[in-house]
Amino acid sequence: MQRSITIASWNINSVRARMPIVERLLKEHHVDILCLQETKAANDVFPAEFFRRLGYVHQQLRGQKMHHGVAILSRLELADPGSHDWQDNGEARHVGVRLACGIRIENVYVPAGGDTPDRTLNPKFGQKLDFIDRMTVWSEGLREPTLIVGDFNVAPLECDVWSHKALLNVVSHTPVEVEALTQLQQAHGWVDIGRAFVPAPERCFTWWSYRSPDFTKNDRGRRLDHMWVSPSIAAQVSWHKVLEPCRSWERPSDHVPLICELNF
DNA sequence: ATGGCTGGTAGAACCAGA
């Protein structure tokens with residue numbers, strides 16, 4: 001068995017629109033397992049053969065037409081695939097697998113939550129909070145060593161956004177979302193790999209809006225994407241990076257990849 | 001100046017993202 005495994009996570013914002021830069025990521029970085037979110041492709045139009053040719057012959061696809069969709073592409077064998085419906089409406093937002101070493105990989109796309117941070121005015125915001133609450137209940141019962149990655153759509157710390165004050169009432173950084181994510185983290189003692197390797201208050205954004213003509217100019221980023229690991233295997237994570245340069249690649253996603261290595 | 005853009009799908013003065 002391999003002594004180490006490299007795992008990447010990327011909200012790709014349409015896998016079919018990003019095939020050149022996905023290929024670039026996989027060729028420039030040693031990635032054993034790639035977790036994608038927002039693939040925007042039903043399974044029958046997912047570019048499975050493209051990934052097979054790159055060596056990612058083990059695949060777990062959880063797609064749907066138009067929106068959402070997640071996938072795990074792997075050079076290593078994947079076992080016991082599963083999918084939680086934490087949204088409770090059938091949307092394709094989670095897929096999980098077990099690796100031969102016994103560790104589970106869970107790949108999640110938490111809903112964005114709409115514009116208004118009030119569940120009485122905006123049902124999508126309530127769905128987001130309920131989604132996180134269902135993940136919390138799941139985490140409370142979790143016994144297997146697990147790495148959970150994905151677009152959590154919450155920037156929890158003050159230093160996880162370009163301006164804490166400006167974003168306090170903006171969905172992704174509101175106190176109620178941060179509280180829900182904190183409860184989720186505590187339910188399993190999840191270790192935030194991002195902040196373990198880039199300690200607060202160091203800048204660590206993973207998303208920049210498309211709306212700015214030059215995202216580097218004002219640097220109005222947020223840390224929405226995360227990798228969390230069970231406390232029992234936290235010491236096995238040897239390094240972690242946020243691949244910020246990918247935001248400047250041609251025809252980019254608005255999110256950048258996260259990558260970490262697990263040792264045995 | 002948190003939408004100024006981007007994608008999918010339809011063929012929209014659409015929807016969604018966050």
# chains A, B, ... in the order shown; residues from 1 in each chain; ligands from 1

call {"tool": "interface_residues", "arguments": {"of": "chain B", "to": "chain A", "cutoff": "7 Å", "atoms": "only C-alpha atoms (C1' of nucleotides)", "output": "PyMOL selection string"}}
result
chain B and resi 3-8+18

call {"tool": "select_by_dssp", "arguments": {"residues": "stretch 141-247 of chain A", "states": "alpha helix (DSSP H)", "output": "list in words"}}
result
His164, Lys165, Ala166, Leu167, Pro175, Val176, Glu177, Val178, Glu179, Ala180, Leu181, Thr182, Gln183, Leu184, Gln185, Gln186, Ala187, His188, Ile193, Gly194, Arg195, Ala196, Phe197, Phe215, Thr216, Lys217 and Asn218 of chain A

call {"tool": "atom_distance", "arguments": {"atom1": "atom CA of A:Arg104", "atom2": "atom CA of A:Thr146"}}
result
4.7 Å

call {"tool": "residues_around", "arguments": {"residues": "stretch 195-199 of chain A", "least_positions_apart": "5", "cutoff": "9 Å", "atoms": "only C-alpha atoms (C1' of nucleotides)", "output": "VMD selection string"}}
result
chain A and resid 204 239 to 241

call {"tool": "select_by_dssp", "arguments": {"residues": "stretch 38-259 of chain A", "states": "strand (DSSP E)", "output": "VMD selection string"}}
result
chain A and resid 58 to 62 70 to 74 78 to 82 94 to 99 104 to 109 146 to 151 191 to 192 207 to 208 221 to 222 225 to 229 237 to 242 258 to 259

call {"tool": "write_last_selection", "arguments": {"atoms": "N, CA and C atoms", "output": "short mmCIF file (atom, residue, chain, number, x, y, z; two decimals), in the first residue's frame"}}
result
data_model
loop_
_atom_site.label_atom_id
_atom_site.label_comp_id
_atom_site.auth_asym_id
_atom_site.auth_seq_id
_atom_site.Cartn_x
_atom_site.Cartn_y
_atom_site.Cartn_z
N HIS A 58 -10.85 5.09 -11.16
CA HIS A 58 -11.83 4.80 -10.11
C HIS A 58 -12.66 6.06 -9.89
N GLN A 59 -13.97 5.97 -10.14
CA GLN A 59 -14.80 7.17 -10.15
C GLN A 59 -16.10 6.94 -9.41
N GLN A 60 -16.49 7.91 -8.65
CA GLN A 60 -17.83 7.91 -8.06
C GLN A 60 -18.50 9.23 -8.44
N LEU A 61 -19.50 9.14 -9.29
CA LEU A 61 -20.19 10.32 -9.80
C LEU A 61 -21.54 10.48 -9.11
N ARG A 62 -21.82 11.69 -8.73
CA ARG A 62 -23.14 12.00 -8.18
C ARG A 62 -23.57 13.32 -8.82
N VAL A 70 -21.46 16.42 -7.63
CA VAL A 70 -20.14 16.17 -7.04
C VAL A 70 -19.58 14.89 -7.66
N ALA A 71 -18.25 14.75 -7.56
CA ALA A 71 -17.61 13.56 -8.12
C ALA A 71 -16.29 13.32 -7.41
N ILE A 72 -15.91 12.04 -7.30
CA ILE A 72 -14.59 11.66 -6.80
C ILE A 72 -13.90 10.88 -7.91
N LEU A 73 -12.74 11.37 -8.33
CA LEU A 73 -11.93 10.74 -9.37
C LEU A 73 -10.63 10.29 -8.73
N SER A 74 -10.26 9.02 -8.93
CA SER A 74 -9.16 8.48 -8.12
C SER A 74 -8.28 7.52 -8.91
N LEU A 78 -11.56 2.65 -4.83
CA LEU A 78 -12.56 3.24 -3.94
C LEU A 78 -13.58 2.17 -3.56
N ALA A 79 -13.95 2.13 -2.29
CA ALA A 79 -14.91 1.13 -1.83
C ALA A 79 -16.09 1.80 -1.12
N ASP A 80 -17.13 1.02 -0.95
CA ASP A 80 -18.30 1.43 -0.16
C ASP A 80 -18.80 2.85 -0.46
N PRO A 81 -19.13 3.13 -1.72
CA PRO A 81 -19.63 4.47 -2.04
C PRO A 81 -20.98 4.73 -1.36
N GLY A 82 -21.19 5.97 -1.01
CA GLY A 82 -22.46 6.34 -0.40
C GLY A 82 -22.77 7.80 -0.65
N HIS A 94 -23.54 15.41 -2.27
CA HIS A 94 -22.57 14.64 -1.47
C HIS A 94 -22.28 13.29 -2.11
N VAL A 95 -21.02 12.90 -2.02
CA VAL A 95 -20.64 11.52 -2.33
C VAL A 95 -19.46 11.18 -1.43
N GLY A 96 -19.46 9.95 -0.95
CA GLY A 96 -18.37 9.51 -0.06
C GLY A 96 -17.90 8.12 -0.44
N VAL A 97 -16.65 7.81 -0.07
CA VAL A 97 -16.05 6.51 -0.38
C VAL A 97 -15.12 6.10 0.76
N ARG A 98 -14.72 4.83 0.74
CA ARG A 98 -13.69 4.38 1.67
C ARG A 98 -12.45 3.97 0.89
N LEU A 99 -11.28 4.37 1.40
CA LEU A 99 -10.02 3.98 0.79
C LEU A 99 -9.54 2.66 1.38
N ARG A 104 -12.23 7.15 5.31
CA ARG A 104 -13.31 7.57 4.41
C ARG A 104 -13.05 8.97 3.90
N ILE A 105 -13.42 9.22 2.65
CA ILE A 105 -13.38 10.55 2.04
C ILE A 105 -14.82 10.97 1.78
N GLU A 106 -15.21 12.10 2.33
CA GLU A 106 -16.56 12.63 2.11
C GLU A 106 -16.43 13.96 1.36
N ASN A 107 -17.15 14.07 0.27
CA ASN A 107 -17.06 15.22 -0.64
C ASN A 107 -18.41 15.92 -0.66
N VAL A 108 -18.46 17.18 -0.19
CA VAL A 108 -19.75 17.84 0.03
C VAL A 108 -19.80 19.22 -0.61
N TYR A 109 -20.99 19.55 -1.10
CA TYR A 109 -21.27 20.88 -1.64
C TYR A 109 -22.46 21.46 -0.87
N THR A 146 -12.15 9.95 9.14
CA THR A 146 -12.73 10.55 7.93
C THR A 146 -12.05 11.86 7.57
N LEU A 147 -11.91 12.07 6.26
CA LEU A 147 -11.51 13.37 5.72
C LEU A 147 -12.71 13.91 4.96
N ILE A 148 -13.24 15.04 5.40
CA ILE A 148 -14.36 15.65 4.69
C ILE A 148 -13.88 16.92 4.02
N VAL A 149 -14.17 17.02 2.72
CA VAL A 149 -13.68 18.16 1.93
C VAL A 149 -14.83 18.74 1.13
N GLY A 150 -14.65 19.98 0.71
CA GLY A 150 -15.62 20.54 -0.22
C GLY A 150 -15.86 22.02 -0.06
N ASP A 151 -16.91 22.46 -0.74
CA ASP A 151 -17.36 23.85 -0.67
C ASP A 151 -18.41 23.92 0.43
N VAL A 191 -10.92 18.62 12.78
CA VAL A 191 -9.74 19.49 12.73
C VAL A 191 -9.73 20.22 11.39
N ASP A 192 -9.74 21.53 11.45
CA ASP A 192 -9.72 22.39 10.26
C ASP A 192 -8.29 22.41 9.71
N TRP A 207 -11.99 31.67 -2.64
CA TRP A 207 -13.01 32.10 -3.63
C TRP A 207 -12.94 33.61 -3.83
N TRP A 208 -13.06 34.01 -5.09
CA TRP A 208 -13.18 35.42 -5.45
C TRP A 208 -14.26 35.53 -6.51
N GLY A 221 -11.70 38.39 -1.28
CA GLY A 221 -11.90 36.94 -1.25
C GLY A 221 -12.58 36.46 0.01
N ARG A 222 -12.93 35.18 -0.01
CA ARG A 222 -13.50 34.52 1.17
C ARG A 222 -12.94 33.09 1.23
N ASP A 225 -14.06 27.17 1.08
CA ASP A 225 -13.76 25.76 0.81
C ASP A 225 -12.87 25.24 1.93
N HIS A 226 -13.12 24.00 2.32
CA HIS A 226 -12.47 23.48 3.52
C HIS A 226 -12.08 22.02 3.38
N MET A 227 -11.10 21.65 4.20
CA MET A 227 -10.76 20.24 4.40
C MET A 227 -10.72 20.05 5.91
N TRP A 228 -11.55 19.13 6.39
CA TRP A 228 -11.60 18.82 7.82
C TRP A 228 -11.27 17.34 7.99
N VAL A 229 -10.62 17.02 9.09
CA VAL A 229 -10.21 15.64 9.31
C VAL A 229 -10.56 15.21 10.73
N VAL A 237 -1.85 14.18 8.55
CA VAL A 237 -1.85 15.16 7.45
C VAL A 237 -0.49 15.86 7.47
N SER A 238 0.29 15.65 6.41
CA SER A 238 1.68 16.15 6.44
C SER A 238 1.82 17.55 5.84
N TRP A 239 0.95 17.90 4.89
CA TRP A 239 0.97 19.27 4.38
C TRP A 239 -0.37 19.60 3.72
N HIS A 240 -0.58 20.89 3.48
CA HIS A 240 -1.83 21.38 2.89
C HIS A 240 -1.55 22.70 2.18
N LYS A 241 -2.17 22.88 1.02
CA LYS A 241 -1.99 24.13 0.29
C LYS A 241 -3.32 24.57 -0.32
N VAL A 242 -3.47 25.88 -0.45
CA VAL A 242 -4.54 26.47 -1.26
C VAL A 242 -3.88 26.96 -2.54
N LEU A 258 -7.98 23.06 -3.20
CA LEU A 258 -7.27 22.80 -1.95
C LEU A 258 -6.61 21.43 -2.10
N ILE A 259 -5.45 21.26 -1.47
CA ILE A 259 -4.76 19.99 -1.62
C ILE A 259 -4.06 19.64 -0.30
#

call {"tool": "atom_distance", "arguments": {"atom1": "atom C1' of B:DT2", "atom2": "atom CA of A:Asn11"}}
result
20.2 Å

call {"tool": "atom_distance", "arguments": {"atom1": "atom CA of A:Leu142", "atom2": "atom CA of A:Thr174"}}
result
27.1 Å

call {"tool": "residues_around", "arguments": {"residues": "A:Ile12", "least_positions_apart": "2", "cutoff": "7 Å", "atoms": "only C-alpha atoms (C1' of nucleotides)", "output": "number ranges by chain"}}
result
A: 10, 14-15, 18, 36-39, 253, 255

call {"tool": "residues_around", "arguments": {"residues": "A:Phe50", "least_positions_apart": "3", "cutoff": "12 Å", "atoms": "only C-alpha atoms (C1' of nucleotides)", "output": "count of residues only"}}
result
18

call {"tool": "residues_around", "arguments": {"residues": "stretch 126-134 of chain A", "least_positions_apart": "2", "cutoff": "6 Å", "atoms": "only C-alpha atoms (C1' of nucleotides)", "output": "MDAnalysis selection string"}}
result
chainID A and resid 86:87 111 113 119 123:124 136:137
